[in-house]
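Structure file my_file.txt (compact mmCIF, N, CA and C atoms) is printed below.
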```
# COMPACT_ATOMS: atom_id res chain seq x y z
N MET A 805 0.84 -1.18 0.00
CA MET A 805 0.00 0.00 0.00
C MET A 805 0.89 1.24 0.00
N GLU A 806 0.51 2.23 -0.79
CA GLU A 806 1.28 3.48 -0.87
C GLU A 806 0.63 4.57 -0.03
N TYR A 807 1.49 5.44 0.50
CA TYR A 807 1.06 6.57 1.31
C TYR A 807 1.81 7.81 0.82
N THR A 808 1.40 8.96 1.32
CA THR A 808 2.11 10.20 1.04
C THR A 808 2.78 10.68 2.31
N ALA A 809 4.09 10.90 2.23
CA ALA A 809 4.83 11.51 3.32
C ALA A 809 5.00 12.98 2.96
N GLN A 810 4.93 13.85 3.96
CA GLN A 810 5.10 15.27 3.72
C GLN A 810 6.03 15.85 4.77
N ILE A 811 6.73 16.90 4.36
CA ILE A 811 7.57 17.65 5.28
C ILE A 811 7.18 19.11 5.15
N SER A 812 7.07 19.79 6.28
CA SER A 812 6.70 21.19 6.26
C SER A 812 7.44 21.92 7.36
N ASN A 813 7.47 23.23 7.22
CA ASN A 813 8.16 24.07 8.19
C ASN A 813 7.18 25.11 8.71
N ARG A 814 7.09 25.18 10.01
CA ARG A 814 6.28 26.22 10.64
C ARG A 814 6.96 26.62 11.93
N GLY A 815 7.13 27.90 12.11
CA GLY A 815 7.76 28.40 13.32
C GLY A 815 9.21 27.97 13.47
N GLY A 816 9.90 27.75 12.32
CA GLY A 816 11.31 27.38 12.38
C GLY A 816 11.57 25.92 12.68
N ARG A 817 10.55 25.08 12.65
CA ARG A 817 10.69 23.65 12.92
C ARG A 817 10.23 22.86 11.71
N TRP A 818 11.04 21.90 11.29
CA TRP A 818 10.67 21.00 10.20
C TRP A 818 10.00 19.78 10.80
N ARG A 819 8.86 19.40 10.22
CA ARG A 819 8.10 18.24 10.71
C ARG A 819 7.79 17.35 9.52
N LEU A 820 8.06 16.05 9.67
CA LEU A 820 7.79 15.05 8.65
C LEU A 820 6.67 14.16 9.17
N TYR A 821 5.70 13.85 8.32
CA TYR A 821 4.61 12.98 8.73
C TYR A 821 4.13 12.15 7.55
N VAL A 822 3.47 11.05 7.85
CA VAL A 822 2.91 10.17 6.83
C VAL A 822 1.40 10.21 6.98
N ALA A 823 0.73 10.61 5.89
CA ALA A 823 -0.73 10.72 5.90
C ALA A 823 -1.36 9.34 5.74
N LEU A 824 -2.03 8.87 6.77
CA LEU A 824 -2.72 7.58 6.75
C LEU A 824 -4.21 7.86 6.66
N MET A 825 -4.75 7.75 5.46
CA MET A 825 -6.16 8.04 5.25
C MET A 825 -7.03 7.05 6.01
N GLY A 826 -8.14 7.55 6.50
CA GLY A 826 -9.06 6.70 7.23
C GLY A 826 -8.81 6.72 8.73
N GLY A 827 -7.78 7.42 9.16
CA GLY A 827 -7.48 7.51 10.58
C GLY A 827 -7.45 8.96 11.02
N LEU A 828 -7.27 9.17 12.28
CA LEU A 828 -7.19 10.52 12.83
C LEU A 828 -5.81 11.12 12.53
N VAL A 829 -5.79 12.41 12.21
CA VAL A 829 -4.53 13.10 11.95
C VAL A 829 -3.60 12.97 13.16
N SER A 830 -4.16 12.99 14.35
CA SER A 830 -3.34 12.88 15.56
C SER A 830 -2.63 11.53 15.66
N GLN A 831 -3.05 10.55 14.85
CA GLN A 831 -2.43 9.23 14.89
C GLN A 831 -1.44 9.01 13.75
N TRP A 832 -1.26 10.00 12.89
CA TRP A 832 -0.30 9.86 11.79
C TRP A 832 1.11 9.79 12.36
N PRO A 833 1.94 8.88 11.85
CA PRO A 833 3.34 8.83 12.30
C PRO A 833 4.03 10.14 11.93
N GLU A 834 4.81 10.68 12.86
CA GLU A 834 5.50 11.93 12.56
C GLU A 834 6.86 12.01 13.26
N HIS A 835 7.70 12.86 12.69
CA HIS A 835 9.03 13.11 13.23
C HIS A 835 9.26 14.61 13.21
N ASP A 836 9.67 15.15 14.34
CA ASP A 836 9.99 16.58 14.46
C ASP A 836 11.51 16.71 14.44
N PHE A 837 12.03 17.45 13.46
CA PHE A 837 13.48 17.64 13.35
C PHE A 837 13.98 18.70 14.31
N GLY A 838 13.09 19.38 15.00
CA GLY A 838 13.49 20.41 15.93
C GLY A 838 13.81 21.71 15.20
N PRO A 839 14.25 22.72 15.95
CA PRO A 839 14.57 24.01 15.32
C PRO A 839 15.70 23.83 14.31
N ALA A 840 15.51 24.37 13.12
CA ALA A 840 16.54 24.23 12.08
C ALA A 840 16.46 25.40 11.11
N VAL A 841 17.60 25.86 10.70
CA VAL A 841 17.67 26.94 9.73
C VAL A 841 17.57 26.38 8.32
N THR A 842 18.13 25.19 8.12
CA THR A 842 18.14 24.59 6.78
C THR A 842 17.16 23.43 6.70
N VAL A 843 16.80 23.09 5.47
CA VAL A 843 15.91 21.96 5.21
C VAL A 843 16.65 20.67 5.53
N PRO A 844 16.03 19.72 6.23
CA PRO A 844 16.67 18.42 6.46
C PRO A 844 17.05 17.79 5.11
N THR A 845 18.21 17.17 5.06
CA THR A 845 18.69 16.55 3.82
C THR A 845 17.82 15.35 3.46
N VAL A 846 17.98 14.88 2.22
CA VAL A 846 17.25 13.69 1.78
C VAL A 846 17.60 12.50 2.67
N VAL A 847 18.87 12.38 3.05
CA VAL A 847 19.30 11.28 3.92
C VAL A 847 18.63 11.40 5.29
N GLU A 848 18.59 12.61 5.84
CA GLU A 848 17.93 12.80 7.14
C GLU A 848 16.44 12.46 7.06
N ARG A 849 15.80 12.86 5.98
CA ARG A 849 14.37 12.55 5.80
C ARG A 849 14.17 11.04 5.64
N SER A 850 15.06 10.39 4.89
CA SER A 850 14.97 8.94 4.69
C SER A 850 15.13 8.20 6.01
N ARG A 851 16.08 8.63 6.82
CA ARG A 851 16.29 7.99 8.14
C ARG A 851 15.08 8.19 9.05
N ALA A 852 14.50 9.39 9.02
CA ALA A 852 13.33 9.65 9.84
C ALA A 852 12.16 8.77 9.40
N LEU A 853 11.98 8.64 8.08
CA LEU A 853 10.91 7.77 7.57
C LEU A 853 11.15 6.32 7.96
N ALA A 854 12.40 5.87 7.87
CA ALA A 854 12.72 4.49 8.25
C ALA A 854 12.40 4.25 9.73
N ALA A 855 12.71 5.23 10.57
CA ALA A 855 12.41 5.11 12.00
C ALA A 855 10.90 5.02 12.24
N LEU A 856 10.11 5.61 11.32
CA LEU A 856 8.65 5.54 11.41
C LEU A 856 8.08 4.29 10.75
N GLY A 857 8.97 3.51 10.08
CA GLY A 857 8.55 2.25 9.45
C GLY A 857 8.21 2.37 7.98
N PHE A 858 8.75 3.39 7.29
CA PHE A 858 8.42 3.62 5.88
C PHE A 858 9.69 3.80 5.05
N VAL A 859 9.55 3.55 3.76
CA VAL A 859 10.64 3.75 2.79
C VAL A 859 10.04 4.42 1.55
N PHE A 860 10.91 5.08 0.78
CA PHE A 860 10.48 5.70 -0.47
C PHE A 860 10.04 4.62 -1.46
N ILE A 861 9.03 4.92 -2.27
CA ILE A 861 8.65 4.07 -3.40
C ILE A 861 9.77 4.21 -4.43
N ASP A 862 10.16 3.12 -5.08
CA ASP A 862 11.21 3.18 -6.10
C ASP A 862 10.91 4.26 -7.13
N GLY A 863 11.90 5.12 -7.37
CA GLY A 863 11.77 6.18 -8.37
C GLY A 863 11.06 7.43 -7.88
N ALA A 864 10.55 7.42 -6.66
CA ALA A 864 9.84 8.60 -6.14
C ALA A 864 10.82 9.75 -5.87
N GLU A 865 10.37 10.95 -6.11
CA GLU A 865 11.16 12.15 -5.85
C GLU A 865 10.33 13.14 -5.05
N TRP A 866 11.01 13.93 -4.24
CA TRP A 866 10.33 14.96 -3.47
C TRP A 866 9.78 16.03 -4.42
N GLU A 867 8.54 16.44 -4.20
CA GLU A 867 7.91 17.51 -4.96
C GLU A 867 7.62 18.66 -4.01
N TRP A 868 8.20 19.83 -4.31
CA TRP A 868 8.08 21.00 -3.44
C TRP A 868 7.03 21.96 -3.95
N THR A 869 6.27 22.52 -3.01
CA THR A 869 5.32 23.58 -3.32
C THR A 869 5.44 24.64 -2.23
N GLU A 870 4.92 25.81 -2.53
CA GLU A 870 4.88 26.84 -1.50
C GLU A 870 3.48 27.39 -1.41
N ASP A 871 3.16 27.89 -0.25
CA ASP A 871 1.85 28.45 0.01
C ASP A 871 2.04 29.65 0.93
N ASN A 872 0.99 30.43 1.08
CA ASN A 872 1.03 31.55 2.03
C ASN A 872 0.50 31.07 3.37
N GLU A 873 1.11 31.55 4.43
CA GLU A 873 0.64 31.18 5.76
C GLU A 873 -0.83 31.59 5.94
N THR A 874 -1.17 32.77 5.44
CA THR A 874 -2.54 33.26 5.49
C THR A 874 -3.12 33.17 4.08
N TYR A 875 -4.14 32.36 3.91
CA TYR A 875 -4.74 32.14 2.59
C TYR A 875 -5.12 33.46 1.93
N GLY A 876 -4.69 33.63 0.68
CA GLY A 876 -5.04 34.81 -0.10
C GLY A 876 -4.26 36.06 0.23
N ASP A 877 -3.33 36.00 1.18
CA ASP A 877 -2.54 37.17 1.56
C ASP A 877 -1.11 37.00 1.06
N ASP A 878 -0.81 37.64 -0.07
CA ASP A 878 0.52 37.51 -0.67
C ASP A 878 1.63 38.15 0.15
N THR A 879 1.28 38.88 1.19
CA THR A 879 2.31 39.49 2.04
C THR A 879 2.62 38.63 3.26
N SER A 880 1.87 37.54 3.46
CA SER A 880 2.12 36.69 4.63
C SER A 880 3.33 35.79 4.37
N PRO A 881 3.93 35.26 5.44
CA PRO A 881 5.09 34.39 5.28
C PRO A 881 4.78 33.18 4.39
N VAL A 882 5.81 32.72 3.69
CA VAL A 882 5.68 31.57 2.79
C VAL A 882 5.88 30.28 3.59
N LEU A 883 5.03 29.30 3.33
CA LEU A 883 5.19 27.97 3.90
C LEU A 883 5.68 27.05 2.81
N LEU A 884 6.74 26.29 3.09
CA LEU A 884 7.24 25.30 2.15
C LEU A 884 6.70 23.93 2.55
N LEU A 885 6.28 23.18 1.55
CA LEU A 885 5.72 21.85 1.79
C LEU A 885 6.23 20.93 0.69
N ALA A 886 6.71 19.76 1.08
CA ALA A 886 7.17 18.78 0.10
C ALA A 886 6.48 17.46 0.38
N SER A 887 6.29 16.68 -0.67
CA SER A 887 5.67 15.37 -0.50
C SER A 887 6.39 14.35 -1.37
N ILE A 888 6.25 13.09 -0.95
CA ILE A 888 6.84 11.97 -1.67
C ILE A 888 6.01 10.73 -1.38
N ARG A 889 5.96 9.81 -2.33
CA ARG A 889 5.22 8.55 -2.14
C ARG A 889 6.12 7.57 -1.37
N VAL A 890 5.52 6.92 -0.38
CA VAL A 890 6.23 5.95 0.45
C VAL A 890 5.38 4.70 0.60
N ARG A 891 6.00 3.66 1.14
CA ARG A 891 5.28 2.44 1.48
C ARG A 891 5.81 1.97 2.83
N SER A 892 5.04 1.11 3.45
CA SER A 892 5.48 0.51 4.70
C SER A 892 6.75 -0.29 4.45
N ARG A 893 7.69 -0.22 5.35
CA ARG A 893 8.98 -0.91 5.17
C ARG A 893 8.80 -2.41 5.00
N ASP A 894 7.82 -2.99 5.69
CA ASP A 894 7.59 -4.43 5.59
C ASP A 894 6.55 -4.79 4.53
N GLY A 895 6.02 -3.79 3.83
CA GLY A 895 5.06 -4.04 2.75
C GLY A 895 3.62 -4.09 3.22
N GLY A 896 3.40 -4.17 4.53
CA GLY A 896 2.04 -4.21 5.06
C GLY A 896 1.56 -2.84 5.43
N GLN A 897 0.36 -2.78 5.97
CA GLN A 897 -0.19 -1.50 6.39
C GLN A 897 0.40 -1.13 7.73
N SER A 898 0.77 0.13 7.89
CA SER A 898 1.34 0.60 9.16
C SER A 898 0.26 1.15 10.06
```
Translate this file's structure into structure tokens.
Amino acid sequence: MEYTAQISNRGGRWRLYVALMGGLVSQWPEHDFGPAVTVPTVVERSRALAALGFVFIDGAEWEWTEDNETYGDDTSPVLLLASIRVRSRDGGQS
């Protein structure tokens, strides 16, 4: 089964999570990288996903988008969000 992992930054903290549809958002596996000035590297993101029990789907690449913190306000801070397709490390549902 495939899932979407996402990484986002808010308040100077990068957070990685795996969206598990059909469950509560509060139950999604997540990793907080703590305060950071730079984006966690691909290796750091891969290790965090592995610790959560997930791996990248073969050939998957991170896709980056940006949004405004306040919807429709082009003067508000920019939020960066990236996503990638992942699967459970053991092939089953996590």
Exercise on range 839-856 of chain A, axis-aligned box with 5 Å per side, report centre and edge lengths in Å to one decimal, as lines of an AutoDock Vina configuration file:
```
center_x = 13.7
center_y = 15.6
center_z = 8.9
size_x = 21.2
size_y = 32.7
size_z = 24.2
```
Q.
Could you tell me how far CA of Arg889 in chain A sits from CA of Thr808 in chain A, in Å to one decimal place?
A. 4.7 Å
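Atom pair atom C of Ala823 in chain A / atom N of Thr842 in chain A has a distance of 25.2 Å (rounded to one decimal).
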Q. Can you tell me, as a PyMOL selection string, what residues are no more than 9 Å from Glu867 in chain A when counting only C-alpha atoms, ignoring any on the same chain fewer than 5 positions away?
A. chain A and resi 885-888
Q | Interatomic distance, atom N of Gln810 in chain A to atom N of Thr879 in chain A (Å, one decimal) | A | 25.4 Å
Q: Can you work out which one of A:Val890, A:Ser812, A:Ser880, A:Pro844 has the shortest atom-to-atom distance to Asp862 in chain A, counting all atoms listed in the file?
A: A:Val890
Name all residues at most 9 Å from Asp836 in chain A (count only C-alpha atoms; drop same-chain ones fewer than 5 positions away) and give them as an mmCIF file with N, CA and C atoms, in the frame of the given file.
```cif
data_model
loop_
_atom_site.group_PDB
_atom_site.id
_atom_site.type_symbol
_atom_site.label_atom_id
_atom_site.label_comp_id
_atom_site.auth_asym_id
_atom_site.auth_seq_id
_atom_site.Cartn_x
_atom_site.Cartn_y
_atom_site.Cartn_z
ATOM 1 N N ARG A 817 10.550 25.080 12.650
ATOM 2 C CA ARG A 817 10.690 23.650 12.920
ATOM 3 C C ARG A 817 10.230 22.860 11.710
ATOM 4 N N TRP A 818 11.040 21.900 11.290
ATOM 5 C CA TRP A 818 10.670 21.000 10.200
ATOM 6 C C TRP A 818 10.000 19.780 10.800
ATOM 7 N N ARG A 819 8.860 19.400 10.220
ATOM 8 C CA ARG A 819 8.100 18.240 10.710
ATOM 9 C C ARG A 819 7.790 17.350 9.520
ATOM 10 N N LEU A 820 8.060 16.050 9.670
ATOM 11 C CA LEU A 820 7.790 15.050 8.650
ATOM 12 C C LEU A 820 6.670 14.160 9.170
ATOM 13 N N TYR A 821 5.700 13.850 8.320
ATOM 14 C CA TYR A 821 4.610 12.980 8.730
ATOM 15 C C TYR A 821 4.130 12.150 7.550
ATOM 16 N N ALA A 852 14.500 9.390 9.020
ATOM 17 C CA ALA A 852 13.330 9.650 9.840
ATOM 18 C C ALA A 852 12.160 8.770 9.400
#
```
Q | Residues within 12 Å of Arg851 in chain A, only C-alpha atoms, excluding chain neighbours under 6 positions, as number ranges by chain | A | A: 820, 835, 837, 844-845, 857-860, 893
Based on the selection just made, write N, CA and C atoms of those residues as a PDB file, in the frame of the given file.
```
ATOM      1  N   LEU A 820       8.060  16.050   9.670  1.00  0.00           N
ATOM      2  CA  LEU A 820       7.790  15.050   8.650  1.00  0.00           C
ATOM      3  C   LEU A 820       6.670  14.160   9.170  1.00  0.00           C
ATOM      4  N   HIS A 835       7.700  12.860  12.690  1.00  0.00           N
ATOM      5  CA  HIS A 835       9.030  13.110  13.230  1.00  0.00           C
ATOM      6  C   HIS A 835       9.260  14.610  13.210  1.00  0.00           C
ATOM      7  N   PHE A 837      12.030  17.450  13.460  1.00  0.00           N
ATOM      8  CA  PHE A 837      13.480  17.640  13.350  1.00  0.00           C
ATOM      9  C   PHE A 837      13.980  18.700  14.310  1.00  0.00           C
ATOM     10  N   PRO A 844      16.030  19.720   6.230  1.00  0.00           N
ATOM     11  CA  PRO A 844      16.670  18.420   6.460  1.00  0.00           C
ATOM     12  C   PRO A 844      17.050  17.790   5.110  1.00  0.00           C
ATOM     13  N   THR A 845      18.210  17.170   5.060  1.00  0.00           N
ATOM     14  CA  THR A 845      18.690  16.550   3.820  1.00  0.00           C
ATOM     15  C   THR A 845      17.820  15.350   3.460  1.00  0.00           C
ATOM     16  N   GLY A 857       8.970   3.510  10.080  1.00  0.00           N
ATOM     17  CA  GLY A 857       8.550   2.250   9.450  1.00  0.00           C
ATOM     18  C   GLY A 857       8.210   2.370   7.980  1.00  0.00           C
ATOM     19  N   PHE A 858       8.750   3.390   7.290  1.00  0.00           N
ATOM     20  CA  PHE A 858       8.420   3.620   5.880  1.00  0.00           C
ATOM     21  C   PHE A 858       9.690   3.800   5.050  1.00  0.00           C
ATOM     22  N   VAL A 859       9.550   3.550   3.760  1.00  0.00           N
ATOM     23  CA  VAL A 859      10.640   3.750   2.790  1.00  0.00           C
ATOM     24  C   VAL A 859      10.040   4.420   1.550  1.00  0.00           C
ATOM     25  N   PHE A 860      10.910   5.080   0.780  1.00  0.00           N
ATOM     26  CA  PHE A 860      10.480   5.700  -0.470  1.00  0.00           C
ATOM     27  C   PHE A 860      10.040   4.620  -1.460  1.00  0.00           C
ATOM     28  N   ARG A 893       7.690  -0.220   5.350  1.00  0.00           N
ATOM     29  CA  ARG A 893       8.980  -0.910   5.170  1.00  0.00           C
ATOM     30  C   ARG A 893       8.800  -2.410   5.000  1.00  0.00           C
TER      31      ARG A 893
END
```
Q: Return the single residue from A:Gln831, A:Arg891, A:Leu883, A:Tyr875 that is closest to Ala809 in chain A, with distances computed using all atoms listed in the file.
A: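 For Ala809 in chain A, the nearest of the candidates is A:Arg891.
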**Q.** Pick from A:Val882, A:Val846, A:Leu853, A:Val829 nearest to Arg814 in chain A, counting only C-alpha atoms
**A.** A:Val882
Q. Nearest to Val841 in chain A: which of A:Gly815, A:Ser892, A:Glu806, A:Thr874 is it, counting only C-alpha atoms?
A. A:Gly815
Q) DSSP says strand (DSSP E) for which residues of chain A? Put them as a PyMOL selection string? A) chain A and resi 806-814+817-823+834-839+858-860+867-872+882-892
